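Below: the structure, in structure tokens.
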Amino acid sequence: MLQQRKKDYLIRLLEELMKSIHKLVDKREKLSPAEREGILNDAFTFFVTNFEVTESDTIDDLSEKIPDVELLEQYARLLMIRSDESDTLNTPDLKRALQIVEYLEAADKTYSWDKVVLREDILHRLDSSNQVNSI
């Protein structure tokens, strides 16, 4: 009974997190920079609190701590968004996000348009940062 309540609670938190991330990604909804930062902080706090994720975790650690493929994909997406939101392009976040997506593609051979788009978005940002750095 207690395990089911914990699971229900986590599912409710996940649903709220996904709504927040959708707001963050949705370009039609105009959010202030403070609101965007608040949503990002809440999302990362969710992963830290519920899955004990740290910045120093390896990809293997992350895959153990976040066993759900969709959640791991969302974590990679959050890293990309955090890089976009920072004043300077955060290359370490982008590289980490790319590692996560590559891990997911290797672990799950089913084709996913979302993963392909995410990978291409990350690669595009990394290519842009390399062009800026080489100038």
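Identifiers for the structure tokens are assigned positionally: chains receive A, B, ... in sequence, residues are indexed from 1 per chain, and ligands are indexed from 1 in the order shown.
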
List every residue of region 54-75 of chain A that has an atom at most 12 Å from any atom of region 7-24 of chain A, and for each one report the closest atom pair and its distance in Å to one decimal, counting only C-alpha atoms, with rows sorted by chain and then by increasing residue number, as a tab-separated table.
residue	atom	partner	partner_atom	distance
A:Asp68	CA	A:Leu14	CA	11.6
A:Glu70	CA	A:Met18	CA	10.7
A:Leu71	CA	A:Leu14	CA	8.8
A:Glu73	CA	A:Met18	CA	11.8
A:Gln74	CA	A:Ile21	CA	8.5
A:Tyr75	CA	A:Ile21	CA	10.3

Closest-contact table, region 32-74 of chain A side, partner region 101-120 of chain A, 9 Å, counting only C-alpha atoms, as a tab-separated table:
residue	atom	partner	partner_atom	distance
A:Ile59	CA	A:Tyr103	CA	7.6
A:Asp60	CA	A:Tyr103	CA	8.9
A:Ser63	CA	A:Tyr103	CA	8.7
A:Val69	CA	A:Leu104	CA	7.1
A:Leu72	CA	A:Leu104	CA	8.1
A:Glu73	CA	A:Val101	CA	6.7

- Message: I'd like the neighbourhood of Pro33 (chain A) as number ranges by chain, where a residue qualifies if any of its atoms comes within 10 Å (using only C-alpha atoms), though same-chain residues fewer than 5 positions away should be ignored.
- Response: A: 38-39, 85

- Task: Quick one: everything within 10 Å of Ile81 (chain A), counting only C-alpha atoms, minus sequence neighbours fewer than 6 positions away in the same chain. Send it as a count of residues only.
- Result: 10

- Message: With only C-alpha atoms as the counted atoms, please give the residues lying no more than 12 Å from region 53-58 of chain A, apart from itself and same-chain residues fewer than 4 positions off, as an MDAnalysis selection string.
- Response: chainID A and resid 43:49 62:67 72 75 79 92:93 96:97 99:100 103

- Message: From a backbone DSSP assignment, name each residue in region 10-127 of chain A labelled alpha helix (DSSP H), as a count of residues only.
- Response: 91
